[in-house]
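Colleague: The structure under discussion is supplied below as structure tokens; questions concerning it will follow.
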Amino acid sequence: MEAVLSADLRDLAAEGWNVRFYAVSGEVLDTEQRSDTYVSGQTTGATYKGTGGVTGHVTSKVVVQRDIWVKTDDGKEDHFRFEQDIPCRTGQRITVLWAVPNNQQGGPYIFLYNHNTQTFYDFPKDEWLAPLVKPFGKTMNVIAVGALALFVAGYIFSPILGAIAAIAAGTFMARPEKARMKADENSISFHVSKIKQSVQSS
């Protein structure tokens with residue numbers, strides 16, 4: 001598969017954590033879509049000697065699956081499977097973007113762009129953004145040890161005060177780490193927006 005991203009858009013690195021973005025462009029050879037409906041139910045209640053009652057409810061969930069076969073720009077064939085409806089047809093040109101965090105084996109899809117219709121199909125952000133953000137690391141171990149120490153120290157004098165002190169200390173000390181994760185989320189989102197602009201203009 002041929003990478004269509006420039007070097008400055010391919011990697012996003014900070015503080016020992018790297019996210020590598022991959023994009024593939026090509027012509028749709030074939031596409032299929034199917035949907036499966038899953039039904040589940042639950043009942044509650046009881047009867048005794050003809051009295052009482054039973055209530056229940058039924059829920060259903062529709063799962064859409066789209067398969068797309070693509071001839072990439074380097075002449076190879078590739079297959080993508082998505083868990084959402086992405087309208088496209090044979091002969092159209094598309095670009096698929098996904099990312100792999102910190103040299104892992106794989107990563108989430110971020111968007112598909114249909115060059116013919118000039119339409120972006122974004123995958124749910126809450127599904128792809130979180131895996132790309134550096135998780136709590138050694139800093140949280142320090143926070144946990146510190147909070148535990150405060151709890152033990154406070155417990156000697158008052159169990160309630162010890163618990164309050166540990167919770168307060170843990171919340172306060174975790175603020176920088178949470179701020180860092182929020183900054184990482186903003187940085188990744190901004191980087192994806194730059195890739196979108198690049199793909200749209202290609």
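Each chain of the structure tokens is named A, B, ... in the order shown, its residues numbered from 1; ligands are numbered from 1 in display order.
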Counting only C-alpha atoms, what is within 7 Å of segment 98-102 of chain A, bar same-chain residues fewer than 5 positions away, as a list in words?

Modeller: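 Non-adjacent residues within range: Trp17, Asn18, Val19, Arg20, Phe21, Tyr22, Ala23, Gly107, Pro108, Tyr109, Ile110 and Leu132 of chain A.
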
Colleague: Fewer than 3 positions away in the same chain doesn't count, so skip those; otherwise give me all residues within 6 Å of Arg66 of chain A, counting only C-alpha atoms, as a ChimeraX atom specification.

Modeller: /A:32-33,81-82

Colleague: Restricting it to N, CA and C atoms, dump the selection as a CSV table (one decimal), in the first residue's frame.

Modeller:
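Saved to selection31.csv:
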chain,number,residue,atom,x,y,z
A,32,GLU,N,-19.9,-4.0,-0.7
A,32,GLU,CA,-21.1,-4.7,-0.2
A,32,GLU,C,-21.5,-4.2,1.2
A,33,GLN,N,-22.8,-4.2,1.4
A,33,GLN,CA,-23.2,-3.8,2.8
A,33,GLN,C,-24.3,-4.7,3.2
A,81,ARG,N,-13.2,-3.2,6.1
A,81,ARG,CA,-14.5,-3.6,6.6
A,81,ARG,C,-14.8,-2.5,7.7
A,82,PHE,N,-15.9,-1.9,7.6
A,82,PHE,CA,-16.3,-0.8,8.6
A,82,PHE,C,-17.7,-1.2,9.2

Colleague: Which is closest to Asp78 of chain A among A:Leu97, A:Val192, A:Leu29, A:Val64, if we use only C-alpha atoms?

Modeller: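 Ranked by minimum distance to Asp78 of chain A, first place goes to A:Leu29.
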
Colleague: Which value, in Å to one decimal, gives the distance between atom CA of Asn116 of chain A and atom CA of Asp73 of chain A?

Modeller: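 Computed distance, atom CA of Asn116 of chain A to atom CA of Asp73 of chain A, equals 15.8 Å.
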
Colleague: What is the atom CA of Val24 of chain A to atom CA of Asp184 of chain A distance in Å?

Modeller: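 Between atom CA of Val24 of chain A and atom CA of Asp184 of chain A the gap is 24.8 Å.
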
Colleague: As a list of chain:residue names, please: the residues near Gln197 of chain A (cut-off 12 Å, only C-alpha atoms, same-chain neighbours under 6 positions excluded).

Modeller: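 Counting only C-alpha atoms, the residues come to A:Leu5, A:Leu9, A:Tyr113, A:Gln118, A:Phe120, A:Phe190, A:His191.
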
Colleague: Rank nothing, just name the residue among A:His79, A:Lys134, A:Lys194, A:Lys178 nearest to Gly16 of chain A, using only C-alpha atoms.

Modeller: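 Distance minimum relative to Gly16 of chain A lands on A:Lys134.
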
Colleague: Would you list the contacts of Arg89 of chain A as a PyMOL selection string, taking every protein, DNA or RNA residue within 12 Å and counting only C-alpha atoms, but skipping same-chain residues closer than 2 positions in sequence?

Modeller: chain A and resi 27-33+66-70+86-87+91-94+114-117

Colleague: Could you please take those selected residues and save C-alpha atoms as a compact mmCIF listing (two decimals), in the first residue's frame?

Modeller:
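This is the output file out-v6.txt:
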# COMPACT_ATOMS: atom_id res chain seq x y z
CA GLU A 27 -10.34 3.14 -6.73
CA VAL A 28 -13.27 1.16 -5.39
CA LEU A 29 -13.41 -2.22 -7.14
CA ASP A 30 -16.46 -3.56 -5.31
CA THR A 31 -18.52 -2.85 -2.22
CA GLU A 32 -21.11 -4.71 -0.20
CA GLN A 33 -23.22 -3.77 2.76
CA ARG A 66 -19.69 -2.28 4.96
CA ASP A 67 -17.01 -4.13 2.94
CA ILE A 68 -14.98 -2.18 0.38
CA TRP A 69 -12.39 -3.61 -2.00
CA VAL A 70 -9.92 -1.05 -3.30
CA ILE A 86 -20.48 4.43 4.04
CA PRO A 87 -22.14 5.12 0.68
CA GLY A 91 -15.16 3.34 -9.76
CA GLN A 92 -15.14 6.05 -7.13
CA ARG A 93 -11.91 7.20 -5.53
CA ILE A 94 -11.56 7.05 -1.74
CA ASN A 114 -14.93 10.02 -1.04
CA HIS A 115 -13.14 12.20 -3.60
CA ASN A 116 -15.97 11.96 -6.15
CA THR A 117 -18.67 13.21 -3.80

Colleague: From the set A:Glu77, A:Pro124, A:Ala130, A:Pro135, which residue has the shortest atom-to-atom contact distance to Glu15 of chain A, counting only C-alpha atoms?

Modeller: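 Once distances to Glu15 of chain A are computed over only C-alpha atoms, the minimum belongs to A:Pro135.
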
Colleague: To one decimal in Å, tell me the separation between atom CA of Cys88 of chain A and atom CA of Lys76 of chain A.

Modeller: 19.5 Å
